[in-house]
>>> print(open('run33.cif').read())   # mmCIF, C-alpha atoms and all ligand atoms
data_upload
loop_
_atom_site.label_atom_id
_atom_site.label_comp_id
_atom_site.auth_asym_id
_atom_site.auth_seq_id
_atom_site.Cartn_x
_atom_site.Cartn_y
_atom_site.Cartn_z
CA MET A 6 0.00 0.00 0.00
CA SER A 7 1.35 3.37 -0.97
CA LYS A 8 1.64 5.90 1.81
CA SER A 9 1.64 8.87 -0.51
CA PHE A 10 -2.04 9.65 0.09
CA PHE A 11 -1.16 10.67 3.64
CA LYS A 12 1.08 13.35 2.18
CA ARG A 13 -1.61 14.82 -0.05
CA LYS A 14 -2.96 18.21 0.79
CA VAL A 15 -5.63 18.36 3.48
CA ILE A 16 -8.69 20.09 2.05
CA LYS A 17 -10.76 20.00 5.23
CA ALA A 18 -10.24 18.65 8.74
CA GLN A 19 -12.72 17.73 11.42
CA SER A 20 -12.70 16.19 14.89
CA LEU A 21 -15.43 13.69 15.70
CA GLU A 22 -16.45 11.76 18.75
CA ILE A 23 -17.96 8.39 17.97
CA ASN A 24 -18.89 5.93 20.72
CA GLY A 25 -16.44 7.61 23.10
CA LEU A 26 -13.62 7.53 20.55
CA LYS A 27 -12.02 10.79 19.47
CA ILE A 28 -11.33 10.69 15.78
CA ASP A 29 -9.52 13.19 13.61
CA VAL A 30 -10.74 13.20 10.05
CA GLU A 31 -8.88 14.73 7.16
CA PHE A 32 -10.48 15.12 3.78
CA LYS A 33 -8.20 14.85 0.78
CA LYS A 34 -8.38 14.35 -2.95
CA ILE A 35 -8.34 10.56 -2.68
CA LYS A 36 -10.64 7.74 -3.70
CA LYS A 37 -10.86 5.55 -0.62
CA LEU A 38 -11.25 5.84 3.13
CA TYR A 39 -8.19 5.10 5.27
CA LEU A 40 -7.90 4.49 8.98
CA LYS A 41 -4.84 4.45 11.19
CA ILE A 42 -3.81 4.79 14.81
CA LEU A 43 -0.72 6.85 15.57
CA ASN A 44 1.34 4.83 17.99
CA LYS A 45 2.96 7.80 19.66
CA ASN A 46 -0.15 9.48 21.07
CA CYS A 47 -2.90 6.92 20.33
CA GLN A 48 -4.54 9.34 17.92
CA ILE A 49 -7.14 7.79 15.62
CA LYS A 50 -6.91 9.25 12.18
CA ILE A 51 -9.21 8.82 9.23
CA THR A 52 -8.36 10.09 5.80
CA ALA A 53 -11.43 10.40 3.62
CA PRO A 54 -12.26 11.52 0.10
CA ILE A 55 -13.63 15.05 -0.12
CA ASN A 56 -17.42 15.06 0.27
CA PHE A 57 -17.41 11.61 1.85
CA PRO A 58 -20.68 11.59 3.86
CA LEU A 59 -20.19 11.92 7.63
CA VAL A 60 -22.90 9.35 8.20
CA ASP A 61 -20.78 6.78 6.37
CA ILE A 62 -17.76 7.66 8.51
CA PHE A 63 -19.89 7.02 11.61
CA LYS A 64 -20.98 3.70 10.14
CA PHE A 65 -17.39 2.77 9.30
CA VAL A 66 -16.17 3.55 12.84
CA ASN A 67 -19.08 1.60 14.31
CA GLU A 68 -18.00 -1.46 12.38
CA LYS A 69 -14.39 -1.02 13.47
CA GLU A 70 -15.16 -0.12 17.09
CA ASP A 71 -14.09 -3.42 18.66
CA TRP A 72 -10.86 -3.52 16.72
CA LEU A 73 -10.11 0.13 17.50
CA LYS A 74 -10.70 -0.26 21.25
CA LYS A 75 -8.58 -3.43 21.39
CA SER A 76 -5.75 -1.82 19.46
CA LEU A 77 -5.82 1.30 21.65
CA ALA A 78 -5.74 -0.78 24.83
CA LYS A 79 -2.73 -2.69 23.50
CA ILE A 80 -0.82 0.50 22.68
CA GLN A 81 -1.70 2.07 26.03
CA LYS A 82 -0.53 -1.03 27.89
CA HIS A 83 2.75 -0.84 26.02
CA HIS A 84 3.13 2.84 26.97
CA GLN A 85 2.32 2.14 30.62
CA GLN A 86 4.92 -0.59 30.84
CA ASN A 87 7.62 2.00 30.59
CA GLN A 88 5.84 4.44 32.87
CA ILE A 89 7.06 4.12 36.44
CA VAL A 90 4.52 4.60 39.23
CA PHE A 91 6.13 5.82 42.44
CA GLN A 92 4.31 3.87 45.11
CA GLU A 93 5.17 1.11 47.55
CA ASN A 94 5.02 -2.33 45.86
CA GLN A 95 4.76 -0.96 42.32
CA PRO A 96 6.59 -3.14 39.80
CA ILE A 97 9.48 -1.86 37.77
CA LYS A 98 11.24 -3.79 35.04
CA ILE A 99 15.01 -3.82 34.89
CA PHE A 100 16.47 -5.85 32.03
CA ASN A 101 13.00 -7.36 31.63
CA LYS A 102 12.93 -8.69 35.21
CA VAL A 103 10.33 -7.39 37.62
CA PHE A 104 11.41 -5.65 40.82
CA ILE A 105 9.17 -4.02 43.41
CA ILE A 106 9.53 -0.45 44.64
CA LYS A 107 10.01 -0.12 48.41
CA TYR A 108 10.61 2.94 50.56
CA LEU A 109 13.02 3.41 53.42
CA ASN A 110 13.60 6.60 55.47
CA GLN A 111 17.15 6.24 56.73
CA SER A 112 19.57 7.93 54.37
CA ILE A 113 20.15 11.67 54.79
CA ARG A 114 21.21 11.90 51.16
CA PRO A 115 18.49 10.25 49.05
CA LYS A 116 19.77 7.06 47.47
CA ILE A 117 18.76 3.77 45.90
CA HIS A 118 19.51 0.26 47.15
CA PHE A 119 19.37 -2.48 44.61
CA ASN A 120 20.63 -6.02 44.31
CA PRO A 121 20.14 -7.32 40.76
CA ASP A 122 21.03 -10.88 41.79
CA ILE A 123 17.93 -11.41 43.93
CA PRO A 124 15.14 -12.64 41.66
CA ASN A 125 11.83 -10.86 42.32
CA GLY A 126 13.85 -8.43 44.40
CA GLU A 127 13.27 -4.90 45.53
CA ILE A 128 14.42 -1.52 44.42
CA ILE A 129 14.55 0.62 47.53
CA ILE A 130 14.22 4.40 47.47
CA ASP A 131 15.86 5.56 50.67
CA SER A 132 15.49 9.11 51.99
CA LYS A 133 15.22 10.36 55.58
CA ASN A 134 13.27 13.39 54.43
CA SER A 135 10.27 12.96 52.19
CA ILE A 136 11.08 13.70 48.58
CA SER A 137 8.73 14.68 45.78
CA ILE A 138 7.74 12.35 42.93
CA ASP A 139 9.84 14.54 40.65
CA GLU A 140 12.91 14.09 42.81
CA GLN A 141 12.25 10.34 43.04
CA ARG A 142 11.98 10.16 39.28
CA LYS A 143 15.26 12.06 38.86
CA LEU A 144 17.02 9.82 41.35
CA LEU A 145 15.70 6.66 39.76
CA THR A 146 16.35 7.82 36.19
CA LYS A 147 19.97 8.56 37.07
CA PHE A 148 20.27 5.16 38.71
CA LEU A 149 18.66 3.29 35.79
CA ARG A 150 20.80 5.11 33.24
CA ALA A 151 23.90 4.08 35.19
CA GLN A 152 22.71 0.45 35.17
CA LEU A 153 22.15 0.60 31.43
CA MET A 154 25.53 2.22 30.84
CA ASN A 155 27.25 -0.46 32.96
CA TYR A 156 25.72 -3.14 30.81
CA ILE A 157 26.65 -1.35 27.59
CA ASP A 158 30.23 -0.93 28.84
CA SER A 159 30.37 -4.63 29.69
CA ILE A 160 29.46 -5.78 26.15
CA LEU A 161 31.33 -3.05 24.27
CA PRO A 162 34.76 -4.77 24.09
CA GLU A 163 33.19 -7.87 22.53
CA ILE A 164 31.28 -5.80 19.94
CA GLU A 165 34.30 -3.68 19.10
CA ALA A 166 36.41 -6.82 18.67
CA LYS A 167 33.83 -8.40 16.37
CA THR A 168 33.22 -5.31 14.23
CA LYS A 169 36.85 -4.13 14.39
CA ILE A 170 35.66 -0.60 14.84
CA LYS A 171 35.48 1.66 17.87
CA ALA A 172 32.65 3.97 18.84
CA GLN A 173 33.86 7.44 19.74
CA LYS A 174 31.23 7.83 22.43
CA ILE A 175 27.95 6.25 23.50
CA PHE A 176 25.20 8.35 25.02
CA ILE A 177 21.97 7.46 26.75
CA LYS A 178 19.11 9.72 25.83
CA LYS A 179 15.38 10.05 26.22
CA MET A 180 13.90 9.09 22.84
CA GLN A 181 10.26 9.12 21.75
CA SER A 182 9.92 6.21 19.40
CA ARG A 183 13.37 4.93 18.55
CA TYR A 184 15.71 2.65 20.46
CA GLY A 185 18.95 3.91 19.05
CA SER A 186 20.55 6.29 16.59
CA CYS A 187 24.03 7.15 15.46
CA ASN A 188 26.30 9.64 13.77
CA VAL A 189 28.27 7.63 11.22
CA LEU A 190 30.95 10.25 10.57
CA GLU A 191 31.67 10.99 14.21
CA LYS A 192 31.14 7.37 15.29
CA ARG A 193 28.76 8.35 18.04
CA ILE A 194 25.82 6.27 19.22
CA TRP A 195 22.71 7.28 21.18
CA MET A 196 20.78 4.61 23.05
CA SER A 197 17.26 5.15 24.36
CA GLU A 198 16.98 5.30 28.16
CA LYS A 199 13.89 3.07 28.02
CA LEU A 200 16.11 0.16 26.96
CA ILE A 201 16.84 -0.48 30.66
CA HIS A 202 13.43 -2.21 30.82
CA TYR A 203 14.21 -4.57 27.93
CA PRO A 204 16.00 -7.93 27.73
CA LYS A 205 19.78 -7.68 27.62
CA GLU A 206 19.93 -9.51 24.29
CA PHE A 207 17.68 -6.86 22.76
CA ILE A 208 19.88 -4.03 24.07
CA LYS A 209 22.86 -5.81 22.57
CA TYR A 210 21.00 -6.09 19.28
CA VAL A 211 20.26 -2.33 19.24
CA LEU A 212 23.91 -1.55 19.92
CA ILE A 213 25.19 -3.92 17.21
CA HIS A 214 22.55 -2.50 14.85
CA GLU A 215 24.01 0.99 15.37
CA PHE A 216 27.57 -0.32 14.98
CA THR A 217 26.55 -1.89 11.67
CA HIS A 218 25.46 1.55 10.46
CA PHE A 219 29.11 2.60 10.70
CA PHE A 220 29.60 0.33 7.67
CA VAL A 221 26.22 0.59 5.91
CA ALA A 222 24.16 3.72 6.47
CA ASN A 223 20.78 2.41 5.28
CA HIS A 224 18.75 -0.73 6.00
CA SER A 225 19.64 -2.51 2.76
CA LYS A 226 20.19 -6.22 2.27
CA LYS A 227 23.89 -5.57 2.71
CA PHE A 228 23.19 -4.00 6.10
CA TYR A 229 21.37 -7.09 7.38
CA GLN A 230 24.00 -9.44 5.96
CA MET A 231 26.63 -7.57 7.91
CA LEU A 232 24.48 -7.43 11.02
CA GLU A 233 24.03 -11.19 10.83
CA LYS A 234 27.77 -11.62 10.67
CA PHE A 235 28.13 -9.63 13.90
CA MET A 236 25.08 -11.20 15.60
CA PRO A 237 23.93 -14.47 13.96
CA ASN A 238 20.79 -14.74 16.15
CA PHE A 239 19.65 -11.14 15.63
CA ARG A 240 16.32 -12.20 14.10
CA GLU A 241 15.36 -14.02 17.29
CA VAL A 242 16.04 -11.06 19.56
CA MET A 243 15.18 -8.01 17.45
CA ARG A 244 11.48 -8.09 18.42
CA PRO A 245 11.47 -8.43 22.18
CA ASN A 246 8.51 -10.04 23.86
CA ILE A 247 8.13 -7.67 26.77
CA ASP A 248 4.73 -8.79 28.03
ZN ZN B 1 19.00 1.43 11.72
#
>>> encode(input="run33.cif", output="structure tokens")
Amino acid sequence: MSKSFFKRKVIKAQSLEINGLKIDVEFKKIKKLYLKILNKNCQIKITAPINFPLVDIFKFVNEKEDWLKKSLAKIQKHHQQNQIVFQENQPIKIFNKVFIIKYLNQSIRPKIHFNPDIPNGEIIIDSKNSISIDEQRKLLTKFLRAQLMNYIDSILPEIEAKTKIKAQKIFIKKMQSRYGSCNVLEKRIWMSEKLIHYPKEFIKYVLIHEFTHFFVANHSKKFYQMLEKFMPNFREVMRPNID
């Protein structure tokens, strides 16, 4: 299916609410009706031919209602998985293993206690004085980024040996929809901070994927051939099952 119709000029736009679903409709010079959900913000978007009757759009949405609600719930669940709730006993995933948030009020300087070797263990936020959710988030983000960086540092020598190339610097960054990116000329790599919640093999895959871009900039057949040379099982780990 060609995506070009999404790029066509919007003649008219309208927001509708149908059965509790907010739907943005754009009318364009096209022949058919198209429906999509934007992953990033769960926005439901319909692209319709100019003069397409509203009553038929209502009918169309009615028919798709079950599918739409199921798809939205799935996307929202995925979003929530990476959203940390700061409350006693709330789960938090580190390298795809679940830990439980606990609070302690002993340390004068707020800090985090964590033992990754205890399965179903705890991540303890320790502060003598009460600290705001914002401060907790900052503390935990810093801690999680350090965990992620430790892991990246631990697998880096092996990847550099295999690819026979060195990365100038690796950064961890908040990213909206991507897991990694790179600057080929400067040999820099950016890894998404949300990777801390994913399986280690997947993080390794993302890193090797970015390293492979140092040789092949696009996602051509040549790129995947090279990637396979560096990570023969990449197809098994590139789509993590994080449920
Ligand atoms: Zn890529």
>>> residues_near_ligand(input="run33.cif", ligand="ligand ZN 1 (chain B)", cutoff="12 Å", atoms="all atoms listed in the file", output="ChimeraX atom specification")
/A:183-189,194-196,210-225,228-229,232,243
>>> atom_distance(input="run33.cif", atom1="atom CA of A:Glu163", atom2="atom CA of A:Ala151")
19.7 Å
>>> atom_distance(input="run33.cif", atom1="atom CA of A:Ile113", atom2="atom CA of A:Ile97")
24.2 Å
>>> residues_near_point(input="run33.cif", point="(-24.2, 2.9, 16.8)", cutoff="10 Å", atoms="all atoms listed in the file", output="PyMOL selection string")
chain A and resi 23-24+63-64+66-68+70
>>> residues_around(input="run33.cif", residues="stretch 45-60 of chain A", least_positions_apart="3", cutoff="6 Å", atoms="only C-alpha atoms", output="list of chain:residue names")
A:Ile28, A:Asp29, A:Val30, A:Glu31, A:Phe32, A:Lys33, A:Lys34, A:Ile35, A:Lys36, A:Leu38, A:Tyr39, A:Leu40, A:Lys41, A:Ile42, A:Phe63
>>> atom_distance(input="run33.cif", atom1="atom CA of A:Gln173", atom2="atom CA of A:Leu200")
20.5 Å
>>> residues_around(input="run33.cif", residues="A:Lys98", least_positions_apart="3", cutoff="8 Å", atoms="all atoms listed in the file", output="PyMOL selection string")
chain A and resi 101-104+201-203
>>> residues_around(input="run33.cif", residues="stretch 117-126 of chain A", least_positions_apart="4", cutoff="10 Å", atoms="all atoms listed in the file", output="PyMOL selection string")
chain A and resi 96+99-100+102-109+112+130-132+141+144-145+148+152
>>> closest_residue(input="run33.cif", among="A:Arg13, A:Arg240, A:Lys133, A:Arg193", to="A:Ile175", atoms="all atoms listed in the file")
A:Arg193
>>> closest_residue(input="run33.cif", among="A:Met154, A:Asn134, A:Lys74, A:Glu198", to="A:Lys179", atoms="all atoms listed in the file")
A:Glu198
>>> axis_aligned_box(input="run33.cif", around="stretch 73-78 of chain A", padding_each_side="3 Å", output="AutoDock Vina command-line options")
--center_x -8.2 --center_y -1.1 --center_z 21.2 --size_x 11.0 --size_y 10.7 --size_z 13.3
>>> residues_near_point(input="run33.cif", point="(-11.9, 5.5, 22.5)", cutoff="8 Å", atoms="all atoms listed in the file", output="list in words")
Asn24, Gly25, Leu26, Lys27, Leu73, Lys74 and Leu77 of chain A
>>> build_atoms(input="run33.cif", residues="stretch 176-210 of chain A", atoms="N, CA and C atoms", output="tab-separated table (two decimals), in the coordinates of the input")
chain	number	residue	atom	x	y	z
A	176	PHE	N	26.04	7.53	24.13
A	176	PHE	CA	25.20	8.35	25.02
A	176	PHE	C	23.89	7.62	25.31
A	177	ILE	N	23.33	7.93	26.46
A	177	ILE	CA	21.97	7.46	26.75
A	177	ILE	C	21.06	8.68	26.74
A	178	LYS	N	19.95	8.54	26.06
A	178	LYS	CA	19.11	9.72	25.83
A	178	LYS	C	17.65	9.32	25.90
A	179	LYS	N	16.83	10.29	26.26
A	179	LYS	CA	15.38	10.05	26.22
A	179	LYS	C	14.95	10.14	24.76
A	180	MET	N	14.33	9.08	24.25
A	180	MET	CA	13.90	9.09	22.84
A	180	MET	C	12.41	8.75	22.79
A	181	GLN	N	11.70	9.35	21.84
A	181	GLN	CA	10.26	9.12	21.75
A	181	GLN	C	9.92	7.75	21.22
A	182	SER	N	10.39	7.45	20.02
A	182	SER	CA	9.92	6.21	19.40
A	182	SER	C	11.05	5.28	18.99
A	183	ARG	N	12.29	5.79	19.01
A	183	ARG	CA	13.37	4.93	18.55
A	183	ARG	C	14.15	4.33	19.72
A	184	TYR	N	14.90	3.28	19.43
A	184	TYR	CA	15.71	2.65	20.46
A	184	TYR	C	17.16	3.10	20.39
A	185	GLY	N	17.57	3.49	19.19
A	185	GLY	CA	18.95	3.91	19.05
A	185	GLY	C	19.13	4.77	17.81
A	186	SER	N	20.22	5.55	17.80
A	186	SER	CA	20.55	6.29	16.59
A	186	SER	C	22.06	6.51	16.60
A	187	CYS	N	22.58	6.97	15.48
A	187	CYS	CA	24.03	7.15	15.46
A	187	CYS	C	24.45	8.25	14.51
A	188	ASN	N	25.66	8.72	14.71
A	188	ASN	CA	26.30	9.64	13.77
A	188	ASN	C	27.47	8.88	13.16
A	189	VAL	N	27.30	8.51	11.89
A	189	VAL	CA	28.27	7.63	11.22
A	189	VAL	C	29.65	8.29	11.12
A	190	LEU	N	29.67	9.56	10.77
A	190	LEU	CA	30.95	10.25	10.57
A	190	LEU	C	31.72	10.39	11.88
A	191	GLU	N	31.00	10.77	12.92
A	191	GLU	CA	31.67	10.99	14.21
A	191	GLU	C	31.74	9.73	15.07
A	192	LYS	N	31.15	8.66	14.56
A	192	LYS	CA	31.14	7.37	15.29
A	192	LYS	C	30.56	7.51	16.70
A	193	ARG	N	29.45	8.21	16.76
A	193	ARG	CA	28.76	8.35	18.04
A	193	ARG	C	27.45	7.58	18.00
A	194	ILE	N	27.07	7.05	19.15
A	194	ILE	CA	25.82	6.27	19.22
A	194	ILE	C	24.97	6.80	20.38
A	195	TRP	N	23.66	6.91	20.12
A	195	TRP	CA	22.71	7.28	21.18
A	195	TRP	C	21.79	6.09	21.43
A	196	MET	N	21.66	5.72	22.68
A	196	MET	CA	20.78	4.61	23.05
A	196	MET	C	19.62	5.17	23.88
A	197	SER	N	18.43	4.66	23.63
A	197	SER	CA	17.26	5.15	24.36
A	197	SER	C	17.30	4.72	25.83
A	198	GLU	N	16.95	5.64	26.72
A	198	GLU	CA	16.98	5.30	28.16
A	198	GLU	C	15.95	4.23	28.52
A	199	LYS	N	14.91	4.07	27.68
A	199	LYS	CA	13.89	3.07	28.02
A	199	LYS	C	14.40	1.64	27.83
A	200	LEU	N	15.55	1.50	27.17
A	200	LEU	CA	16.11	0.16	26.96
A	200	LEU	C	16.40	-0.59	28.27
A	201	ILE	N	16.57	0.16	29.36
A	201	ILE	CA	16.84	-0.48	30.66
A	201	ILE	C	15.74	-1.49	31.02
A	202	HIS	N	14.54	-1.30	30.49
A	202	HIS	CA	13.43	-2.21	30.82
A	202	HIS	C	13.42	-3.47	29.95
A	203	TYR	N	14.26	-3.50	28.93
A	203	TYR	CA	14.21	-4.57	27.93
A	203	TYR	C	15.22	-5.69	28.21
A	204	PRO	N	15.03	-6.83	27.56
A	204	PRO	CA	16.00	-7.93	27.73
A	204	PRO	C	17.40	-7.51	27.27
A	205	LYS	N	18.40	-8.04	27.95
A	205	LYS	CA	19.78	-7.68	27.62
A	205	LYS	C	20.13	-7.99	26.16
A	206	GLU	N	19.63	-9.13	25.67
A	206	GLU	CA	19.93	-9.51	24.29
A	206	GLU	C	19.39	-8.48	23.29
A	207	PHE	N	18.24	-7.88	23.64
A	207	PHE	CA	17.68	-6.86	22.76
A	207	PHE	C	18.54	-5.59	22.77
A	208	ILE	N	19.02	-5.21	23.95
A	208	ILE	CA	19.88	-4.03	24.07
A	208	ILE	C	21.16	-4.24	23.24
A	209	LYS	N	21.67	-5.46	23.34
A	209	LYS	CA	22.86	-5.81	22.57
A	209	LYS	C	22.57	-5.69	21.07
A	210	TYR	N	21.40	-6.19	20.69
A	210	TYR	CA	21.00	-6.09	19.28
A	210	TYR	C	20.98	-4.62	18.82
